[in-house]
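Next comes start20.csv, a file with CSV, C-alpha atoms.
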```csv
chain,number,residue,atom,x,y,z
Z,6,MET,CA,112.1,202.8,75.9
Z,7,PRO,CA,113.7,199.4,75.6
Z,8,ALA,CA,115.6,198.7,72.4
Z,9,ARG,CA,113.6,196.4,70.1
Z,10,PRO,CA,115.1,193.7,68.0
Z,11,LYS,CA,115.9,195.3,64.7
Z,12,LYS,CA,115.4,192.1,62.8
Z,13,ARG,CA,112.2,190.1,62.5
Z,14,PRO,CA,112.4,187.5,65.3
Z,15,LYS,CA,114.1,184.3,64.2
Z,16,SER,CA,112.8,180.9,65.1
Z,17,TYR,CA,115.1,178.4,66.9
Z,18,HIS,CA,114.9,174.9,68.2
Z,19,HIS,CA,115.0,174.9,72.0
Z,20,GLY,CA,118.6,173.9,72.5
Z,21,ASP,CA,119.7,176.0,69.5
Z,22,LEU,CA,118.4,179.2,71.0
Z,23,ARG,CA,120.1,178.5,74.3
Z,24,ASN,CA,123.4,178.0,72.5
Z,25,ALA,CA,122.9,181.1,70.3
Z,26,LEU,CA,122.2,183.2,73.4
Z,27,LEU,CA,125.3,181.8,75.2
Z,28,LYS,CA,127.4,182.5,72.1
Z,29,ALA,CA,126.1,186.1,72.0
Z,30,ALA,CA,126.7,186.5,75.8
Z,31,ARG,CA,130.2,185.3,75.4
Z,32,GLU,CA,130.9,187.8,72.6
Z,33,VAL,CA,129.5,190.6,74.8
Z,34,LEU,CA,131.5,189.5,77.7
Z,35,GLU,CA,134.8,189.4,75.9
Z,36,GLU,CA,134.1,192.6,73.9
Z,37,ARG,CA,132.6,194.8,76.6
Z,38,GLY,CA,133.0,193.2,80.0
Z,39,PRO,CA,130.8,191.5,82.6
Z,40,SER,CA,128.6,194.6,83.3
Z,41,PHE,CA,127.2,194.5,79.8
Z,42,VAL,CA,126.1,190.9,79.9
Z,43,GLY,CA,122.4,191.1,80.1
Z,44,LEU,CA,119.2,189.7,78.7
Z,45,ARG,CA,118.3,192.6,76.5
Z,46,GLU,CA,121.7,192.9,74.9
Z,47,ILE,CA,122.0,189.2,74.1
Z,48,SER,CA,118.4,188.8,72.8
Z,49,ARG,CA,118.9,191.8,70.6
Z,50,ARG,CA,122.1,190.3,69.2
Z,51,VAL,CA,120.5,187.0,68.5
Z,52,GLY,CA,117.4,188.6,67.0
Z,53,VAL,CA,114.7,187.2,69.4
Z,54,SER,CA,112.4,188.9,71.9
Z,55,ALA,CA,113.6,189.4,75.5
Z,56,PRO,CA,110.8,187.0,76.8
Z,57,SER,CA,112.1,184.2,74.6
Z,58,ALA,CA,115.6,184.7,76.0
Z,59,TYR,CA,114.1,184.9,79.5
Z,60,HIS,CA,112.7,181.5,79.1
Z,61,HIS,CA,116.3,180.1,79.0
Z,62,PHE,CA,118.0,182.6,81.2
Z,63,PRO,CA,115.8,184.2,83.8
Z,64,SER,CA,118.5,186.4,85.3
Z,65,ARG,CA,122.0,187.8,84.7
Z,66,ASP,CA,123.4,185.3,87.1
Z,67,ALA,CA,121.8,182.5,85.0
Z,68,ILE,CA,123.6,183.7,81.9
Z,69,ALA,CA,126.8,184.0,83.9
Z,70,LEU,CA,126.4,180.4,85.2
Z,71,GLY,CA,125.8,179.2,81.7
Z,72,LEU,CA,128.9,180.9,80.5
Z,73,ALA,CA,131.0,179.6,83.5
Z,74,GLU,CA,129.8,176.0,82.7
Z,75,GLN,CA,130.7,176.3,79.1
Z,76,GLY,CA,134.1,177.7,80.0
Z,77,ALA,CA,134.8,175.1,82.6
Z,78,ARG,CA,133.9,172.2,80.2
Z,79,GLU,CA,136.2,173.7,77.5
Z,80,MET,CA,139.0,174.2,79.9
Z,81,ALA,CA,138.7,170.7,81.3
Z,82,GLU,CA,139.1,169.4,77.7
Z,83,CYS,CA,142.2,171.5,77.1
Z,84,LEU,CA,143.8,170.3,80.3
Z,85,ALA,CA,142.9,166.6,79.6
Z,86,VAL,CA,144.6,166.8,76.2
Z,87,SER,CA,147.7,168.3,77.7
Z,88,SER,CA,147.9,165.5,80.2
Z,89,ARG,CA,148.4,163.0,77.4
Z,90,ASP,CA,151.6,164.7,76.5
Z,91,GLU,CA,154.4,162.1,76.2
Z,92,ARG,CA,157.0,164.1,78.1
Z,93,GLY,CA,155.4,163.1,81.3
Z,94,THR,CA,155.9,166.5,83.1
Z,95,LEU,CA,153.5,169.1,84.3
Z,96,ALA,CA,154.8,171.8,81.9
Z,97,PRO,CA,152.3,170.9,79.2
Z,98,TYR,CA,149.4,171.1,81.7
Z,99,GLY,CA,150.7,174.6,82.9
Z,100,GLU,CA,151.1,175.8,79.3
Z,101,ALA,CA,147.6,174.6,78.4
Z,102,TYR,CA,146.1,176.3,81.5
Z,103,VAL,CA,147.8,179.6,80.8
Z,104,ALA,CA,146.9,179.4,77.1
Z,105,PHE,CA,143.2,179.0,77.9
Z,106,VAL,CA,143.3,182.0,80.3
Z,107,ARG,CA,144.9,184.1,77.6
Z,108,ALA,CA,142.5,183.0,74.9
Z,109,ASN,CA,139.4,183.7,77.1
Z,110,PRO,CA,140.4,186.5,79.5
Z,111,ALA,CA,137.0,187.8,80.5
Z,112,LEU,CA,135.4,184.3,80.6
Z,113,TYR,CA,138.2,183.0,82.9
Z,114,ARG,CA,137.7,186.0,85.2
Z,115,LEU,CA,133.9,185.3,85.2
Z,116,MET,CA,134.5,181.6,86.0
Z,117,PHE,CA,136.3,182.8,89.2
Z,118,GLY,CA,133.5,185.1,90.1
Z,119,GLU,CA,134.5,188.5,88.8
Z,120,GLY,CA,131.3,190.5,88.3
Z,121,PHE,CA,129.3,187.5,89.4
Z,122,PRO,CA,130.5,186.4,92.9
Z,123,ALA,CA,128.0,183.5,93.1
Z,124,VAL,CA,129.0,181.8,89.9
Z,125,SER,CA,132.0,179.9,90.9
Z,126,GLN,CA,130.6,178.4,94.1
Z,127,TYR,CA,127.3,177.2,92.6
Z,128,SER,CA,128.6,175.8,89.4
Z,129,GLN,CA,128.8,172.0,89.2
Z,130,ALA,CA,131.0,172.4,86.0
Z,131,MET,CA,133.4,174.5,88.0
Z,132,ARG,CA,133.6,171.9,90.7
Z,133,ASP,CA,134.2,169.3,88.0
Z,134,LEU,CA,137.0,171.4,86.6
Z,135,ARG,CA,138.7,171.8,89.9
Z,136,LYS,CA,138.5,168.0,90.4
Z,137,ARG,CA,139.7,167.2,86.9
Z,138,SER,CA,142.6,169.7,87.3
Z,139,TYR,CA,143.6,168.2,90.6
Z,140,ASP,CA,143.5,164.6,89.2
Z,141,ILE,CA,145.8,165.5,86.3
Z,142,MET,CA,148.3,167.0,88.7
Z,143,LYS,CA,147.9,164.0,91.0
Z,144,SER,CA,148.5,161.4,88.3
Z,145,ASN,CA,151.7,163.2,87.4
Z,146,LEU,CA,153.0,163.7,90.9
Z,147,GLU,CA,152.0,160.6,92.9
Z,148,LYS,CA,155.0,158.7,91.8
Z,149,LYS,CA,157.2,161.4,93.3
Z,150,LEU,CA,155.3,162.6,96.3
Z,151,SER,CA,153.6,161.0,99.3
Z,152,ASP,CA,149.8,161.2,99.7
Z,153,ALA,CA,150.3,163.8,102.5
Z,154,GLU,CA,152.3,166.1,100.1
Z,155,LEU,CA,149.8,166.1,97.2
Z,156,PRO,CA,147.3,168.7,98.5
Z,157,ALA,CA,150.0,171.4,99.0
Z,158,ALA,CA,151.6,170.4,95.6
Z,159,GLY,CA,148.3,170.7,93.9
Z,160,LEU,CA,147.6,174.1,95.4
Z,161,PHE,CA,151.1,175.2,94.6
Z,162,LEU,CA,150.7,174.4,90.9
Z,163,TRP,CA,147.2,175.8,90.6
Z,164,ALA,CA,148.2,179.0,92.4
Z,165,LEU,CA,151.1,179.4,90.0
Z,166,VAL,CA,149.2,179.0,86.8
Z,167,HIS,CA,146.2,181.0,88.1
Z,168,GLY,CA,148.4,183.9,89.1
Z,169,LEU,CA,150.5,183.7,85.9
Z,170,GLY,CA,147.5,183.7,83.7
Z,171,LEU,CA,145.9,186.6,85.5
Z,172,LEU,CA,149.1,188.7,85.6
Z,173,LEU,CA,149.4,188.2,81.8
Z,174,ILE,CA,145.8,189.1,80.9
Z,175,ASP,CA,145.8,192.0,83.3
Z,176,GLY,CA,148.8,193.5,81.6
Z,177,GLN,CA,150.9,193.5,84.8
Z,178,VAL,CA,153.8,191.8,83.1
Z,179,VAL,CA,155.6,193.7,80.5
Z,180,PRO,CA,156.9,190.8,78.4
Z,181,GLY,CA,159.9,191.0,76.1
Z,182,LYS,CA,159.7,189.6,72.6
Z,183,ASP,CA,160.0,186.1,74.1
Z,184,ARG,CA,156.6,186.1,76.0
Z,185,LYS,CA,156.0,182.4,75.2
Z,186,ASP,CA,159.5,181.6,76.5
Z,187,ILE,CA,159.0,183.3,79.8
Z,188,VAL,CA,155.9,181.3,80.5
Z,189,HIS,CA,157.9,178.2,79.8
Z,190,ARG,CA,160.7,179.2,82.1
Z,191,VAL,CA,158.3,180.1,84.9
Z,192,LEU,CA,156.7,176.7,84.6
Z,193,GLN,CA,160.1,175.0,84.6
Z,194,LEU,CA,160.8,176.6,87.9
Z,195,ALA,CA,157.8,174.8,89.4
Z,196,GLY,CA,159.8,171.6,88.8
Z,197,THR,CA,163.2,172.8,89.9
Z,198,GLY,CA,162.3,175.4,92.6
Z,199,LEU,CA,164.2,178.6,93.2
Z,200,GLY,CA,166.6,177.1,95.6
Z,201,ASP,CA,168.0,174.7,93.1
Z,202,ALA,CA,167.8,176.8,89.9
Z,203,ARG,CA,171.5,177.7,89.9
Z,204,ALA,CA,173.1,178.7,86.6
M,21,MET,CA,115.9,212.4,95.1
M,22,PRO,CA,119.5,212.0,96.1
M,23,ALA,CA,120.1,211.0,99.7
M,24,ARG,CA,121.3,214.0,101.7
M,25,PRO,CA,123.8,213.9,104.5
M,26,LYS,CA,121.9,213.2,107.7
M,27,LYS,CA,124.3,215.1,109.9
M,28,ARG,CA,125.1,218.8,109.7
M,29,PRO,CA,128.1,219.1,107.4
M,30,LYS,CA,131.4,218.8,109.3
M,31,SER,CA,134.4,221.0,108.7
M,32,TYR,CA,137.7,219.4,107.8
M,33,HIS,CA,141.2,220.6,107.0
M,34,HIS,CA,142.0,219.9,103.4
M,35,GLY,CA,144.2,216.8,103.9
M,36,ASP,CA,141.9,215.5,106.7
M,37,LEU,CA,138.9,215.5,104.5
M,38,ARG,CA,140.7,213.7,101.7
M,39,ASN,CA,141.8,211.0,104.2
M,40,ALA,CA,138.3,210.8,105.8
M,41,LEU,CA,136.8,210.2,102.3
M,42,LEU,CA,139.4,207.6,101.5
M,43,LYS,CA,138.7,205.8,104.7
M,44,ALA,CA,135.0,205.8,104.0
M,45,ALA,CA,135.6,204.6,100.4
M,46,ARG,CA,137.7,201.7,101.8
M,47,GLU,CA,135.0,200.7,104.2
M,48,VAL,CA,132.4,200.7,101.4
M,49,LEU,CA,134.7,198.8,99.1
M,50,GLU,CA,135.4,196.0,101.6
M,51,GLU,CA,131.8,195.9,102.9
M,52,ARG,CA,129.8,196.2,99.7
M,53,GLY,CA,132.2,195.8,96.7
M,54,PRO,CA,133.6,198.1,94.0
M,55,SER,CA,130.2,198.9,92.3
M,56,PHE,CA,129.1,200.8,95.5
M,57,VAL,CA,132.2,203.0,95.7
M,58,GLY,CA,130.9,206.4,94.6
M,59,LEU,CA,131.0,210.0,95.5
M,60,ARG,CA,127.5,210.2,97.0
M,61,GLU,CA,127.9,207.2,99.3
M,62,ILE,CA,131.3,208.3,100.7
M,63,SER,CA,130.4,212.0,101.2
M,64,ARG,CA,127.3,210.8,103.1
M,65,ARG,CA,129.3,208.5,105.3
M,66,VAL,CA,131.8,211.3,106.1
M,67,GLY,CA,129.0,213.8,106.6
M,68,VAL,CA,130.0,216.4,104.0
M,69,SER,CA,128.3,217.6,100.8
M,70,ALA,CA,128.9,215.9,97.5
M,71,PRO,CA,130.5,219.0,96.0
M,72,SER,CA,133.1,219.1,98.9
M,73,ALA,CA,134.0,215.5,98.2
M,74,TYR,CA,134.0,216.2,94.4
M,75,HIS,CA,136.8,218.8,95.0
M,76,HIS,CA,139.1,215.9,96.1
M,77,PHE,CA,137.7,213.1,93.9
M,78,PRO,CA,136.1,214.3,90.7
M,79,SER,CA,135.2,210.8,89.5
M,80,ARG,CA,134.8,207.2,90.7
M,81,ASP,CA,138.1,206.4,89.0
M,82,ALA,CA,139.8,209.1,91.1
M,83,ILE,CA,138.5,207.5,94.3
M,84,ALA,CA,139.7,204.1,93.0
M,85,LEU,CA,143.1,205.5,92.2
M,86,GLY,CA,143.4,207.0,95.6
M,87,LEU,CA,142.5,203.7,97.2
M,88,ALA,CA,145.0,201.8,95.0
M,89,GLU,CA,147.8,204.2,95.9
M,90,GLN,CA,147.0,203.8,99.6
M,91,GLY,CA,146.9,200.0,99.3
M,92,ALA,CA,150.1,199.9,97.2
M,93,ARG,CA,152.0,202.0,99.8
M,94,GLU,CA,150.8,199.8,102.7
M,95,MET,CA,151.6,196.6,100.9
M,96,ALA,CA,155.1,197.9,100.0
M,97,GLU,CA,155.7,198.6,103.7
M,98,CYS,CA,154.5,195.1,104.7
M,99,LEU,CA,156.8,193.5,102.1
M,100,ALA,CA,159.8,195.6,103.2
M,101,VAL,CA,159.4,194.6,106.8
M,102,SER,CA,159.2,190.9,105.7
M,103,SER,CA,162.5,191.3,103.8
M,104,ARG,CA,164.3,192.1,107.0
M,105,ASP,CA,163.6,188.7,108.3
M,106,GLU,CA,166.7,187.0,109.5
M,107,ARG,CA,166.1,183.6,108.0
M,108,GLY,CA,167.2,185.0,104.6
M,109,THR,CA,164.6,183.0,102.6
M,110,LEU,CA,161.7,184.2,100.5
M,111,ALA,CA,159.1,182.5,102.6
M,112,PRO,CA,158.5,185.5,104.9
M,113,TYR,CA,158.0,187.7,101.8
M,114,GLY,CA,155.5,185.2,100.4
M,115,GLU,CA,153.7,185.0,103.8
M,116,ALA,CA,153.6,188.8,104.1
M,117,TYR,CA,152.2,189.1,100.6
M,118,VAL,CA,149.4,186.5,101.1
M,119,ALA,CA,148.6,188.0,104.5
M,120,PHE,CA,148.1,191.4,103.0
M,121,VAL,CA,145.8,190.0,100.3
M,122,ARG,CA,143.7,188.1,102.9
M,123,ALA,CA,143.4,191.2,105.1
M,124,ASN,CA,142.4,193.5,102.3
M,125,PRO,CA,140.6,191.3,99.7
M,126,ALA,CA,138.5,193.9,97.9
M,127,LEU,CA,141.3,196.5,98.0
M,128,TYR,CA,143.8,194.0,96.6
M,129,ARG,CA,141.4,193.1,93.7
M,130,LEU,CA,140.9,196.8,93.0
M,131,MET,CA,144.7,197.4,92.9
M,132,PHE,CA,144.8,194.9,90.1
M,133,GLY,CA,142.0,196.6,88.2
M,134,GLU,CA,138.8,194.7,89.3
M,135,GLY,CA,135.9,197.1,88.7
M,136,PHE,CA,138.3,199.8,87.7
M,137,PRO,CA,140.4,198.6,84.8
M,138,ALA,CA,142.5,201.8,84.4
M,139,VAL,CA,143.6,201.9,88.0
M,140,SER,CA,146.5,199.6,87.9
M,141,GLN,CA,148.1,200.9,84.8
M,142,TYR,CA,148.0,204.6,85.7
M,143,SER,CA,149.0,204.4,89.3
M,144,GLN,CA,152.5,205.5,90.1
M,145,ALA,CA,152.2,203.8,93.5
M,146,MET,CA,151.4,200.5,91.8
M,147,ARG,CA,154.5,200.8,89.6
M,148,ASP,CA,156.5,201.5,92.8
M,149,LEU,CA,155.0,198.5,94.4
M,150,ARG,CA,155.9,196.2,91.5
M,151,LYS,CA,159.5,197.6,91.6
M,152,ARG,CA,159.8,197.3,95.3
M,153,SER,CA,158.5,193.7,95.2
M,154,TYR,CA,160.9,192.8,92.5
M,155,ASP,CA,163.8,194.3,94.3
M,156,ILE,CA,163.1,192.3,97.5
M,157,MET,CA,163.0,189.1,95.5
M,158,LYS,CA,166.2,190.1,93.6
M,159,SER,CA,168.2,190.9,96.7
M,160,ASN,CA,167.3,187.4,98.0
M,161,LEU,CA,168.0,185.5,94.8
M,162,GLU,CA,170.9,187.2,93.2
M,163,LYS,CA,173.4,185.2,95.2
M,164,LYS,CA,171.9,182.0,93.8
M,165,LEU,CA,170.8,182.9,90.3
M,166,SER,CA,172.4,184.6,87.3
M,167,ASP,CA,171.1,187.9,86.0
M,168,ALA,CA,169.5,186.2,83.1
M,169,GLU,CA,167.5,184.0,85.4
M,170,LEU,CA,166.2,186.7,87.7
M,171,PRO,CA,163.2,187.9,85.6
M,172,ALA,CA,161.6,184.5,85.3
M,173,ALA,CA,162.3,183.8,88.9
M,174,GLY,CA,160.7,187.1,89.9
M,175,LEU,CA,157.6,186.4,87.8
M,176,PHE,CA,157.4,182.8,89.1
M,177,LEU,CA,157.3,184.0,92.7
M,178,TRP,CA,154.9,186.9,92.0
M,179,ALA,CA,152.5,184.6,90.1
M,180,LEU,CA,152.6,182.1,92.9
M,181,VAL,CA,151.7,184.5,95.7
M,182,HIS,CA,149.2,186.5,93.5
M,183,GLY,CA,147.4,183.3,92.6
M,184,LEU,CA,147.5,181.8,96.1
M,185,GLY,CA,146.1,185.0,97.6
M,186,LEU,CA,143.3,185.2,95.1
M,187,LEU,CA,142.4,181.5,95.4
M,188,LEU,CA,142.1,182.0,99.1
M,189,ILE,CA,140.1,185.1,99.1
M,190,ASP,CA,137.8,183.8,96.3
M,191,GLY,CA,137.0,180.8,98.4
M,192,GLN,CA,138.3,178.4,95.8
M,193,VAL,CA,140.4,176.5,98.3
M,194,VAL,CA,138.7,174.6,100.9
M,195,PRO,CA,141.3,174.7,103.6
M,196,GLY,CA,141.5,172.2,106.4
M,197,LYS,CA,142.0,173.4,110.0
M,198,ASP,CA,145.7,174.1,109.1
M,199,ARG,CA,145.1,176.9,106.6
M,200,LYS,CA,148.1,178.8,107.7
M,201,ASP,CA,150.2,175.6,107.4
M,202,ILE,CA,149.2,175.0,103.8
M,203,VAL,CA,150.3,178.5,102.8
M,204,HIS,CA,153.6,177.8,104.4
M,205,ARG,CA,154.0,174.5,102.6
M,206,VAL,CA,153.0,176.0,99.3
M,207,LEU,CA,155.7,178.7,99.7
M,208,GLN,CA,158.3,176.0,100.7
M,209,LEU,CA,157.6,174.4,97.4
M,210,ALA,CA,158.7,177.6,95.6
M,211,GLY,CA,162.2,176.9,97.1
M,212,THR,CA,162.3,173.1,96.6
M,213,GLY,CA,160.2,172.7,93.4
M,214,LEU,CA,157.9,169.8,92.7
M,215,GLY,CA,160.6,167.6,91.1
M,216,ASP,CA,162.7,167.6,94.2
M,217,ALA,CA,160.0,167.5,96.9
M,218,ARG,CA,160.3,163.8,97.6
M,219,ALA,CA,159.1,162.5,100.9
```
Since I need it in another form, could you write the structure as structure tokens?
Amino acid sequence: MPARPKKRPKSYHHGDLRNALLKAAREVLEERGPSFVGLREISRRVGVSAPSAYHHFPSRDAIALGLAEQGAREMAECLAVSSRDERGTLAPYGEAYVAFVRANPALYRLMFGEGFPAVSQYSQAMRDLRKRSYDIMKSNLEKKLSDAELPAAGLFLWALVHGLGLLLIDGQVVPGKDRKDIVHRVLQLAGTGLGDARA
Amino acid sequence: MPARPKKRPKSYHHGDLRNALLKAAREVLEERGPSFVGLREISRRVGVSAPSAYHHFPSRDAIALGLAEQGAREMAECLAVSSRDERGTLAPYGEAYVAFVRANPALYRLMFGEGFPAVSQYSQAMRDLRKRSYDIMKSNLEKKLSDAELPAAGLFLWALVHGLGLLLIDGQVVPGKDRKDIVHRVLQLAGTGLGDARA
């Protein structure tokens, strides 16, 4: 038998229920992983019937898309704040990027399709995030690089912070006590390169 | 009712059956994804009973571990070959790394825990791969960098190729007709850095 809500169903305004369901879905995602994100679990947590939740999210993919959009918007805000840093380098952008990944590991993986392959491609918020991310990089680099060099430079920087964030949250890197410091040093290398990083 | 093998059970030598099961598991993984990798499906493909397969792989995690070890060994070989390149730079290593990821997308994701979180941590072959990968990088860079700089440089390069490979196989990058070329240009930036990559 399906689990029933333990509490008496609550009443919500339309937008409030959607937000409450997304909040519950995000908790389930970070606590238990993508395979546990489902209508029954999140409606139970919020204390409403499954049909009420279904009205907002008719499928698991719909929940995942809602989460990816929320994550993409939050991440875009974090990156935008970092770009106003006065040092005028890309290290604050990289640090903000990696910090977001580490604060939201399961959400970040979902945004890139883990468990929900369709999410990343169909999400307008993810497309906006990619564009926003590229624009920040571009505004920093266009004084130094030609237009023809910008796409490779953008991909270089994105690949670096994407890979670094994932290696950290996947526990692949065994950091010393100076974990923050190693992120900073890796990002510095994006500026100097390996060939010129002599002691 | 569980699906039965359609063919009359075949007979295998011990090691042959293990290899045949792994081959089938790898096909299922790349064709259908990690959630379809299971004892019943692979024994059916190989044409043996599930108990015969169980003898070699008593759980889904055991299959995943076998796949991760196979992948890690193959990848270590690809990287070792690349390190004998005469140009003496790290671009061939990076190209070999990204080429392996693109040729084995689902296997690579599995090696890093997707669908099977325990795999990467418990696999001796994965530990060997990480060490081998670091050693190649180190032997290239130790003439240029001090010992204190090597860990950050190794993580920088690994994060870059890990991230680049994943962005490519996840379809996040919309490549032009010169996809191979953009990989090469991104890897060149690892040497020169963004700050010095002036036109």
Please identify every residue of chain Z that has at least one atom no farther than 7 Å from an atom of chain M, counting all atoms listed in the file, and for each give the shortest atom pair and the distance in Å to one decimal, arranged by chain then increasing number, as CSV.
```
residue,atom,partner,partner_atom,distance
Z:Lys149,CA,M:Arg218,CA,5.8
Z:Leu150,CA,M:Arg218,CA,5.3
Z:Ser151,CA,M:Ala219,CA,5.9
Z:Ala157,CA,M:Val206,CA,5.5
Z:Ala158,CA,M:Val206,CA,6.9
Z:Leu160,CA,M:Val206,CA,6.9
Z:Phe161,CA,M:Val206,CA,5.1
Z:Ala164,CA,M:Gly183,CA,4.4
Z:Leu165,CA,M:Leu180,CA,4.2
Z:His167,CA,M:Gly183,CA,5.2
Z:Gly168,CA,M:Gly183,CA,3.7
Z:Leu169,CA,M:Ala179,CA,4.7
Z:Leu172,CA,M:Ala179,CA,7.0
Z:Ile187,CA,M:Ala172,CA,6.2
Z:Arg190,CA,M:Ala172,CA,6.3
Z:Val191,CA,M:Phe176,CA,5.1
Z:Leu194,CA,M:Gly213,CA,6.8
Z:Ala195,CA,M:Gly213,CA,5.1
Z:Gly196,CA,M:Gly215,CA,4.7
Z:Thr197,CA,M:Gly213,CA,4.6
Z:Gly198,CA,M:Gly213,CA,3.5
Z:Leu199,CA,M:Gly211,CA,4.7
Z:Gly200,CA,M:Gly211,CA,4.7
Z:Asp201,CA,M:Thr212,CA,6.9
Z:Ala202,CA,M:Leu165,CA,6.8
Z:Arg203,CA,M:Leu165,CA,5.3
Z:Ala204,CA,M:Ser166,CA,6.0
```
Serialized selection, C-alpha atoms, as a PDB file, in the coordinates of the input:
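selection-v5.pdb, written as the output of this step:
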```pdb
ATOM      1  CA  LYS Z 149     157.200 161.400  93.300  1.00  0.00           C
ATOM      2  CA  LEU Z 150     155.300 162.600  96.300  1.00  0.00           C
ATOM      3  CA  SER Z 151     153.600 161.000  99.300  1.00  0.00           C
ATOM      4  CA  ALA Z 157     150.000 171.400  99.000  1.00  0.00           C
ATOM      5  CA  ALA Z 158     151.600 170.400  95.600  1.00  0.00           C
ATOM      6  CA  LEU Z 160     147.600 174.100  95.400  1.00  0.00           C
ATOM      7  CA  PHE Z 161     151.100 175.200  94.600  1.00  0.00           C
ATOM      8  CA  ALA Z 164     148.200 179.000  92.400  1.00  0.00           C
ATOM      9  CA  LEU Z 165     151.100 179.400  90.000  1.00  0.00           C
ATOM     10  CA  HIS Z 167     146.200 181.000  88.100  1.00  0.00           C
ATOM     11  CA  GLY Z 168     148.400 183.900  89.100  1.00  0.00           C
ATOM     12  CA  LEU Z 169     150.500 183.700  85.900  1.00  0.00           C
ATOM     13  CA  LEU Z 172     149.100 188.700  85.600  1.00  0.00           C
ATOM     14  CA  ILE Z 187     159.000 183.300  79.800  1.00  0.00           C
ATOM     15  CA  ARG Z 190     160.700 179.200  82.100  1.00  0.00           C
ATOM     16  CA  VAL Z 191     158.300 180.100  84.900  1.00  0.00           C
ATOM     17  CA  LEU Z 194     160.800 176.600  87.900  1.00  0.00           C
ATOM     18  CA  ALA Z 195     157.800 174.800  89.400  1.00  0.00           C
ATOM     19  CA  GLY Z 196     159.800 171.600  88.800  1.00  0.00           C
ATOM     20  CA  THR Z 197     163.200 172.800  89.900  1.00  0.00           C
ATOM     21  CA  GLY Z 198     162.300 175.400  92.600  1.00  0.00           C
ATOM     22  CA  LEU Z 199     164.200 178.600  93.200  1.00  0.00           C
ATOM     23  CA  GLY Z 200     166.600 177.100  95.600  1.00  0.00           C
ATOM     24  CA  ASP Z 201     168.000 174.700  93.100  1.00  0.00           C
ATOM     25  CA  ALA Z 202     167.800 176.800  89.900  1.00  0.00           C
ATOM     26  CA  ARG Z 203     171.500 177.700  89.900  1.00  0.00           C
ATOM     27  CA  ALA Z 204     173.100 178.700  86.600  1.00  0.00           C
TER      28      ALA Z 204
END
```
Subject >> Exercise: segment 18-32 of chain Z partners within 8 Å, only C-alpha atoms, chain neighbours under 6 positions left out, as number ranges by chain >> reply: Z: 42-43, 47-48, 50-51, 58, 61, 68, 71-72, 112
Original post:
If you count all atoms listed in the file, which residues fall within 7 Å of segment 89-100 of chain M, apart from same-chain ones fewer than 5 positions away, as a list of chain:residue names?
Top reply: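 In the requested form, the answer reads M:Tyr113, M:Ala116, M:Tyr117, M:Phe120, M:Leu127, M:Ser143, M:Ala145, M:Met146, M:Leu149, M:Arg152.
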Subject >> Straight-line distance linking atom CA of Gly52 of chain Z with atom CA of Ala67 of chain Z, stated in Å to one decimal >> reply: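 Separation of atom CA of Gly52 of chain Z and atom CA of Ala67 of chain Z: 19.5 Å.
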**OP:** Mind giving me the straight-line distance from atom CA of Ala73 of chain Z to atom CA of Arg107 of chain Z in Å, one decimal?
**Re:**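 Atom CA of Ala73 of chain Z sits 15.8 Å away from atom CA of Arg107 of chain Z.
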Subject >> Distance of atom CA of Val86 of chain Z from atom CA of Asn109 of chain Z, expressed in Å to one decimal place >> reply: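 That distance, rounded to one decimal, is 17.7 Å.
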Original post:
Restricting the calculation to all atoms listed in the file, which member of M:Ser103, M:Pro125, M:Ile189, M:Ala84 is positioned closest to Lys158 of chain M?
Top reply: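 Smallest separation from Lys158 of chain M among the options: M:Ser103.
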Original post:
Restricting the calculation to all atoms listed in the file, which member of M:Met157, M:Glu50, M:Ser102, M:Pro71 is positioned closest to Leu130 of chain M?
Top reply: M:Glu50
Subject >> Selection near Ala70 of chain M, 10 Å with all atoms listed in the file, sequence-local residues under 5 positions removed, as a PyMOL selection string >> reply: chain M and resi 24-25+59-64+75+77
Return segment 64-69 of chain M, completed with N, CA, C and O atoms, as a PDB file, in the coordinates of the input.
```pdb
ATOM      1  N   ARG M  64     128.287 211.001 102.051  1.00  0.00           N
ATOM      2  CA  ARG M  64     127.300 210.800 103.100  1.00  0.00           C
ATOM      3  C   ARG M  64     127.858 210.186 104.333  1.00  0.00           C
ATOM      4  O   ARG M  64     127.581 210.619 105.449  1.00  0.00           O
ATOM      5  N   ARG M  65     128.712 209.188 104.152  1.00  0.00           N
ATOM      6  CA  ARG M  65     129.300 208.500 105.300  1.00  0.00           C
ATOM      7  C   ARG M  65     130.175 209.515 106.134  1.00  0.00           C
ATOM      8  O   ARG M  65     130.225 209.453 107.358  1.00  0.00           O
ATOM      9  N   VAL M  66     130.882 210.392 105.413  1.00  0.00           N
ATOM     10  CA  VAL M  66     131.800 211.300 106.100  1.00  0.00           C
ATOM     11  C   VAL M  66     131.005 212.498 106.679  1.00  0.00           C
ATOM     12  O   VAL M  66     131.455 213.132 107.631  1.00  0.00           O
ATOM     13  N   GLY M  67     129.812 212.733 106.110  1.00  0.00           N
ATOM     14  CA  GLY M  67     129.000 213.800 106.600  1.00  0.00           C
ATOM     15  C   GLY M  67     129.347 215.175 105.984  1.00  0.00           C
ATOM     16  O   GLY M  67     129.292 216.217 106.637  1.00  0.00           O
ATOM     17  N   VAL M  68     129.756 215.157 104.711  1.00  0.00           N
ATOM     18  CA  VAL M  68     130.000 216.400 104.000  1.00  0.00           C
ATOM     19  C   VAL M  68     129.132 216.401 102.716  1.00  0.00           C
ATOM     20  O   VAL M  68     128.564 215.375 102.348  1.00  0.00           O
ATOM     21  N   SER M  69     129.055 217.559 102.058  1.00  0.00           N
ATOM     22  CA  SER M  69     128.300 217.600 100.800  1.00  0.00           C
ATOM     23  C   SER M  69     129.040 216.955  99.692  1.00  0.00           C
ATOM     24  O   SER M  69     130.277 216.872  99.725  1.00  0.00           O
TER      25      SER M  69
END
```
